[in-house]
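Everything below belongs to target_0.pdb, which stores PDB, C-alpha atoms.
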ATOM      1  CA  MET C   1    -191.366 -16.648-101.796
ATOM      2  CA  GLU C   2    -190.166 -13.552 -99.979
ATOM      3  CA  VAL C   3    -187.390 -10.980-100.045
ATOM      4  CA  LYS C   4    -185.890 -10.306 -96.627
ATOM      5  CA  LYS C   5    -183.325  -7.800 -95.439
ATOM      6  CA  ALA C   6    -180.071  -9.584 -94.769
ATOM      7  CA  THR C   7    -177.792  -9.130 -91.766
ATOM      8  CA  ILE C   8    -174.301 -10.194 -90.778
ATOM      9  CA  ASN C   9    -175.863 -13.558 -89.888
ATOM     10  CA  ASP C  10    -176.644 -14.108 -93.585
ATOM     11  CA  ILE C  11    -173.047 -13.857 -94.810
ATOM     12  CA  ASP C  12    -172.760 -17.647 -95.161
ATOM     13  CA  ALA C  13    -175.876 -17.737 -97.350
ATOM     14  CA  ILE C  14    -174.581 -14.878 -99.532
ATOM     15  CA  GLN C  15    -171.247 -16.677 -99.934
ATOM     16  CA  ARG C  16    -172.974 -19.965-100.856
ATOM     17  CA  LEU C  17    -175.105 -18.222-103.453
ATOM     18  CA  ALA C  18    -172.159 -16.329-104.971
ATOM     19  CA  ALA C  19    -170.129 -19.568-105.175
ATOM     20  CA  GLN C  20    -172.966 -21.191-107.154
ATOM     21  CA  ILE C  21    -173.877 -18.225-109.345
ATOM     22  CA  TRP C  22    -170.591 -16.581-110.286
ATOM     23  CA  PRO C  23    -168.917 -19.536-112.055
ATOM     24  CA  VAL C  24    -171.965 -19.872-114.326
ATOM     25  CA  ALA C  25    -172.560 -16.143-114.825
ATOM     26  CA  TYR C  26    -168.952 -15.303-115.656
ATOM     27  CA  ARG C  27    -167.454 -18.501-117.120
ATOM     28  CA  GLU C  28    -167.445 -17.089-120.656
ATOM     29  CA  ILE C  29    -166.371 -13.605-119.575
ATOM     30  CA  LEU C  30    -163.609 -14.050-116.971
ATOM     31  CA  SER C  31    -160.686 -16.411-116.621
ATOM     32  CA  GLU C  32    -160.932 -18.897-113.762
ATOM     33  CA  ALA C  33    -158.090 -17.052-112.026
ATOM     34  CA  GLN C  34    -159.882 -13.687-112.249
ATOM     35  CA  LEU C  35    -163.182 -15.236-111.179
ATOM     36  CA  ASN C  36    -161.576 -16.732-108.066
ATOM     37  CA  TYR C  37    -159.753 -13.475-107.317
ATOM     38  CA  MET C  38    -162.982 -11.469-107.554
ATOM     39  CA  LEU C  39    -165.014 -13.952-105.501
ATOM     40  CA  ASN C  40    -162.456 -13.682-102.727
ATOM     41  CA  LYS C  41    -162.182  -9.900-103.061
ATOM     42  CA  PHE C  42    -165.938  -9.253-102.918
ATOM     43  CA  TYR C  43    -167.352 -12.268-101.048
ATOM     44  CA  SER C  44    -164.877 -13.240 -98.351
ATOM     45  CA  GLU C  45    -166.322 -12.969 -94.859
ATOM     46  CA  GLU C  46    -164.111  -9.950 -94.195
ATOM     47  CA  ALA C  47    -165.170  -8.237 -97.440
ATOM     48  CA  LEU C  48    -168.876  -8.797 -96.800
ATOM     49  CA  LYS C  49    -168.621  -7.557 -93.208
ATOM     50  CA  ASP C  50    -166.856  -4.438 -94.493
ATOM     51  CA  GLN C  51    -169.576  -3.856 -97.097
ATOM     52  CA  ILE C  52    -172.337  -4.196 -94.498
ATOM     53  CA  LEU C  53    -170.773  -2.584 -91.428
ATOM     54  CA  THR C  54    -168.444   0.047 -92.885
ATOM     55  CA  LYS C  55    -169.728   0.886 -96.359
ATOM     56  CA  GLY C  56    -173.412   0.733 -95.421
ATOM     57  CA  HIS C  57    -174.509  -1.742 -98.085
ATOM     58  CA  GLN C  58    -178.014  -3.100 -97.500
ATOM     59  CA  PHE C  59    -178.301  -6.727 -98.603
ATOM     60  CA  TYR C  60    -181.494  -8.578 -99.452
ATOM     61  CA  ILE C  61    -181.969 -12.335 -99.813
ATOM     62  CA  LEU C  62    -184.682 -14.035-101.827
ATOM     63  CA  VAL C  63    -185.975 -16.966 -99.784
ATOM     64  CA  ASN C  64    -188.281 -19.780-100.835
ATOM     65  CA  GLU C  65    -190.566 -20.870 -97.984
ATOM     66  CA  GLY C  66    -188.143 -19.410 -95.441
ATOM     67  CA  LYS C  67    -185.600 -22.159 -96.082
ATOM     68  CA  LEU C  68    -183.868 -22.089 -99.424
ATOM     69  CA  GLU C  69    -182.015 -19.003-100.626
ATOM     70  CA  LEU C  70    -182.465 -18.378-104.346
ATOM     71  CA  GLY C  71    -180.758 -15.044-104.881
ATOM     72  CA  PHE C  72    -179.551 -11.797-103.366
ATOM     73  CA  ALA C  73    -179.129  -8.108-103.983
ATOM     74  CA  ALA C  74    -177.222  -5.258-102.352
ATOM     75  CA  ILE C  75    -177.495  -1.494-102.586
ATOM     76  CA  SER C  76    -175.615   1.500-101.258
ATOM     77  CA  LYS C  77    -176.349   5.197-101.061
ATOM     78  CA  GLU C  78    -174.228   7.361-103.351
ATOM     79  CA  ASN C  79    -175.810  10.645-102.248
ATOM     80  CA  GLU C  80    -179.191  11.963-101.113
ATOM     81  CA  GLU C  81    -180.884  11.171-104.423
ATOM     82  CA  ILE C  82    -178.842   8.384-106.021
ATOM     83  CA  PHE C  83    -178.464   4.810-104.844
ATOM     84  CA  LYS C  84    -176.253   2.142-106.413
ATOM     85  CA  LEU C  85    -177.232  -1.440-107.073
ATOM     86  CA  GLN C  86    -174.058  -3.216-105.990
ATOM     87  CA  LYS C  87    -175.225  -6.766-106.618
ATOM     88  CA  LEU C  88    -178.200  -8.628-108.058
ATOM     89  CA  TYR C  89    -177.899 -12.373-108.573
ATOM     90  CA  VAL C  90    -180.304 -15.293-108.888
ATOM     91  CA  LEU C  91    -179.363 -18.974-109.030
ATOM     92  CA  PRO C  92    -179.006 -20.112-112.661
ATOM     93  CA  SER C  93    -181.704 -22.762-112.149
ATOM     94  CA  GLU C  94    -184.138 -20.024-111.036
ATOM     95  CA  GLN C  95    -183.463 -17.449-113.746
ATOM     96  CA  GLY C  96    -186.278 -16.564-116.116
ATOM     97  CA  LYS C  97    -188.882 -16.833-113.321
ATOM     98  CA  LYS C  98    -189.107 -13.085-112.592
ATOM     99  CA  LEU C  99    -187.117 -13.486-109.357
ATOM    100  CA  GLY C 100    -184.538 -10.893-110.372
ATOM    101  CA  LYS C 101    -187.397  -8.462-110.958
ATOM    102  CA  MET C 102    -188.801  -9.355-107.528
ATOM    103  CA  LEU C 103    -185.453  -8.473-105.918
ATOM    104  CA  LEU C 104    -185.141  -5.295-107.970
ATOM    105  CA  ASP C 105    -188.684  -4.210-107.080
ATOM    106  CA  GLU C 106    -187.900  -4.648-103.367
ATOM    107  CA  VAL C 107    -184.732  -2.585-103.730
ATOM    108  CA  ILE C 108    -186.574   0.176-105.609
ATOM    109  CA  SER C 109    -189.324   0.257-102.982
ATOM    110  CA  TYR C 110    -186.700   0.724-100.259
ATOM    111  CA  ILE C 111    -184.933   3.464-102.240
ATOM    112  CA  LYS C 112    -188.159   5.385-102.826
ATOM    113  CA  LYS C 113    -188.977   5.248 -99.105
ATOM    114  CA  LYS C 114    -185.538   6.742 -98.437
ATOM    115  CA  GLY C 115    -186.176   9.592-100.880
ATOM    116  CA  GLY C 116    -184.030   8.212-103.692
ATOM    117  CA  LYS C 117    -184.642   9.534-107.192
ATOM    118  CA  ALA C 118    -182.357   7.296-109.261
ATOM    119  CA  LEU C 119    -180.610   3.939-109.235
ATOM    120  CA  ILE C 120    -177.273   3.316-110.935
ATOM    121  CA  LEU C 121    -175.370   0.081-111.458
ATOM    122  CA  ASN C 122    -172.336  -1.364-113.156
ATOM    123  CA  VAL C 123    -172.660  -4.451-115.342
ATOM    124  CA  ASN C 124    -169.930  -6.216-117.268
ATOM    125  CA  ARG C 125    -170.123  -5.162-120.913
ATOM    126  CA  TYR C 126    -170.250  -8.835-121.969
ATOM    127  CA  ASN C 127    -172.798  -9.956-119.375
ATOM    128  CA  LYS C 128    -176.233 -10.774-120.772
ATOM    129  CA  ALA C 129    -177.698  -9.275-117.564
ATOM    130  CA  GLN C 130    -177.413  -5.890-119.276
ATOM    131  CA  PHE C 131    -180.464  -6.874-121.350
ATOM    132  CA  PHE C 132    -182.441  -7.658-118.177
ATOM    133  CA  TYR C 133    -181.575  -4.190-116.866
ATOM    134  CA  GLN C 134    -182.581  -2.549-120.148
ATOM    135  CA  LYS C 135    -185.992  -4.264-119.874
ATOM    136  CA  GLN C 136    -186.248  -2.727-116.396
ATOM    137  CA  SER C 137    -185.813   0.810-117.846
ATOM    138  CA  PHE C 138    -182.074   1.221-117.204
ATOM    139  CA  LYS C 139    -180.093   3.154-119.798
ATOM    140  CA  ILE C 140    -176.358   2.904-120.496
ATOM    141  CA  ILE C 141    -174.743   6.213-119.571
ATOM    142  CA  GLU C 142    -171.042   5.364-119.570
ATOM    143  CA  GLU C 143    -168.367   2.722-120.228
ATOM    144  CA  VAL C 144    -165.718   2.258-117.547
ATOM    145  CA  ASP C 145    -162.661   0.081-116.971
ATOM    146  CA  ILE C 146    -162.011  -0.267-113.248
ATOM    147  CA  ALA C 147    -158.714  -1.640-111.960
ATOM    148  CA  ILE C 148    -159.391  -4.084-109.128
ATOM    149  CA  GLY C 149    -155.861  -5.272-108.423
ATOM    150  CA  ASN C 150    -153.705  -8.176-109.599
ATOM    151  CA  ASN C 151    -153.709  -6.621-113.111
ATOM    152  CA  TYR C 152    -157.454  -7.302-113.449
ATOM    153  CA  PHE C 153    -160.100  -4.874-114.636
ATOM    154  CA  MET C 154    -163.862  -4.731-114.530
ATOM    155  CA  ASN C 155    -164.986  -3.696-118.031
ATOM    156  CA  ASP C 156    -168.425  -2.314-117.311
ATOM    157  CA  PHE C 157    -171.332  -0.303-118.544
ATOM    158  CA  VAL C 158    -172.710   2.164-116.017
ATOM    159  CA  MET C 159    -176.491   2.129-116.243
ATOM    160  CA  LEU C 160    -179.072   4.511-114.775
ATOM    161  CA  ARG C 161    -182.763   4.295-114.011
ATOM    162  CA  ASN C 162    -184.689   7.317-112.819
ATOM    163  CA  LEU C 163    -187.339   6.424-110.233
TER     164      LEU C 163
END
Can the structure from this file be put into structure tokens for me?
Amino acid sequence: MEVKKATINDIDAIQRLAAQIWPVAYREILSEAQLNYMLNKFYSEEALKDQILTKGHQFYILVNEGKLELGFAAISKENEEIFKLQKLYVLPSEQGKKLGKMLLDEVISYIKKKGGKALILNVNRYNKAQFFYQKQSFKIIEEVDIAIGNNYFMNDFVMLRNL
């Protein structure tokens, strides 16, 4: 099992993972229409290229024996001291095996090497992942409702972890 830095060449793998994870992760939170809208908005080839090439997001993929992708994460730099965890997902069949923590640890290691002092993230207020983040020393610092188009909103907690 290893975490590797992803490149443009890994977009297909990220899309495959998102297509498997999102419907399970959000089926009780989002309508099917909103889920499909958000998948397209955030995981289309064009959107992922923009995140990597223009917005400077660094993606990581969790790989089992160099073949099978089990999860992914992405971070961006907010400023000199604060980074943002944009994404952290593990296949439903692999959850509970400390793989999310493995991805998060890799991200935190990278951030510390870059001089980062804190990591923030947004998580849906109804997503049980918030409890995973709390176990990883994140604290809720704000509630936000973010318009994402098509009359849809992301109803999130903003969470912070000092490093």
- Near-stretch 73-82 of chain C list (9 Å; only C-alpha atoms; drop same-chain fewer than 4 positions) as a ChimeraX atom specification: /C:55-62,86-90,100,103-104,107,111,114-120
- Item | Residues near C:Leu17, cut-off 8 Å, only C-alpha atoms, skip fewer than 4 positions along chain, as a PyMOL selection string | chain C and resi 13+21+69-72+91
- Task: Using the chain letters and numbers from the file, give me the residues hit by the PyMOL selection byres ((chain C and resi 19) around 12), as a PyMOL selection string.
- Result: chain C and resi 12-18+20-26+35-36+38-40+42-44+71+89-92
Pull C-alpha atoms from the residues just selected and write them as a short mmCIF file (atom, residue, chain, number, x, y, z; two decimals), in the frame of the given file.
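Output below, filename result_38.cif:
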data_model
loop_
_atom_site.label_atom_id
_atom_site.label_comp_id
_atom_site.auth_asym_id
_atom_site.auth_seq_id
_atom_site.Cartn_x
_atom_site.Cartn_y
_atom_site.Cartn_z
CA ASP C 12 -172.76 -17.65 -95.16
CA ALA C 13 -175.88 -17.74 -97.35
CA ILE C 14 -174.58 -14.88 -99.53
CA GLN C 15 -171.25 -16.68 -99.93
CA ARG C 16 -172.97 -19.96 -100.86
CA LEU C 17 -175.10 -18.22 -103.45
CA ALA C 18 -172.16 -16.33 -104.97
CA GLN C 20 -172.97 -21.19 -107.15
CA ILE C 21 -173.88 -18.23 -109.34
CA TRP C 22 -170.59 -16.58 -110.29
CA PRO C 23 -168.92 -19.54 -112.06
CA VAL C 24 -171.96 -19.87 -114.33
CA ALA C 25 -172.56 -16.14 -114.82
CA TYR C 26 -168.95 -15.30 -115.66
CA LEU C 35 -163.18 -15.24 -111.18
CA ASN C 36 -161.58 -16.73 -108.07
CA MET C 38 -162.98 -11.47 -107.55
CA LEU C 39 -165.01 -13.95 -105.50
CA ASN C 40 -162.46 -13.68 -102.73
CA PHE C 42 -165.94 -9.25 -102.92
CA TYR C 43 -167.35 -12.27 -101.05
CA SER C 44 -164.88 -13.24 -98.35
CA GLY C 71 -180.76 -15.04 -104.88
CA TYR C 89 -177.90 -12.37 -108.57
CA VAL C 90 -180.30 -15.29 -108.89
CA LEU C 91 -179.36 -18.97 -109.03
CA PRO C 92 -179.01 -20.11 -112.66
#
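Comparing C:Asp156, C:Glu142, C:Asp105, C:Glu32 by their smallest distance to C:Tyr126, the closest is C:Asp156 (using all atoms listed in the file).
Once the PyMOL selection byres ((chain C and resi 155) around 12) is applied to the depicted file, the selected set reads Ile29, Leu30, Asn122, Val123, Asn124, Arg125, Tyr126, Asn127, Glu142, Glu143, Val144, Asp145, Ile146, Ala147, Ile148, Tyr152, Phe153, Met154, Asp156, Phe157 and Val158 of chain C.
Reported to one decimal place, the separation of atom CA of C:Glu46 from atom CA of C:Ser93 is 28.2 Å.
The interatomic distance for the pair atom CA of C:Ile52 and atom CA of C:Gln34 works out to 23.7 Å.
Going from atom CA of C:Lys84 over to atom CA of C:Asn150, you cover 25.0 Å.
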- Note on the structure: One residue among C:Ile11, C:Met159, C:Leu48, C:Leu99 is nearest to C:Leu121 when using only C-alpha atoms, and that residue is C:Met159
Padding of 8 Å on every side, edges along x, y and z, all listed atoms of stretch 59-78 of chain C included: what centre and edge lengths in Å, to one decimal, does that box have, as JSON?
{"center_x": -182.4, "center_y": -7.4, "center_z": -100.2, "size_x": 32.3, "size_y": 45.5, "size_z": 25.4}
- Message: To test your reading of the syntax: which residues would the PyMOL selection byres ((chain C and resi 2) around 9) return for the file shown? Reply as a ChimeraX atom specification.
- Response: /C:1,3-4,61-66,102
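The smallest atom-to-atom distance between C:Gly149 and any of C:Ser137, C:Tyr37, C:Glu45, C:Lys97, using all atoms listed in the file, is found for C:Tyr37.
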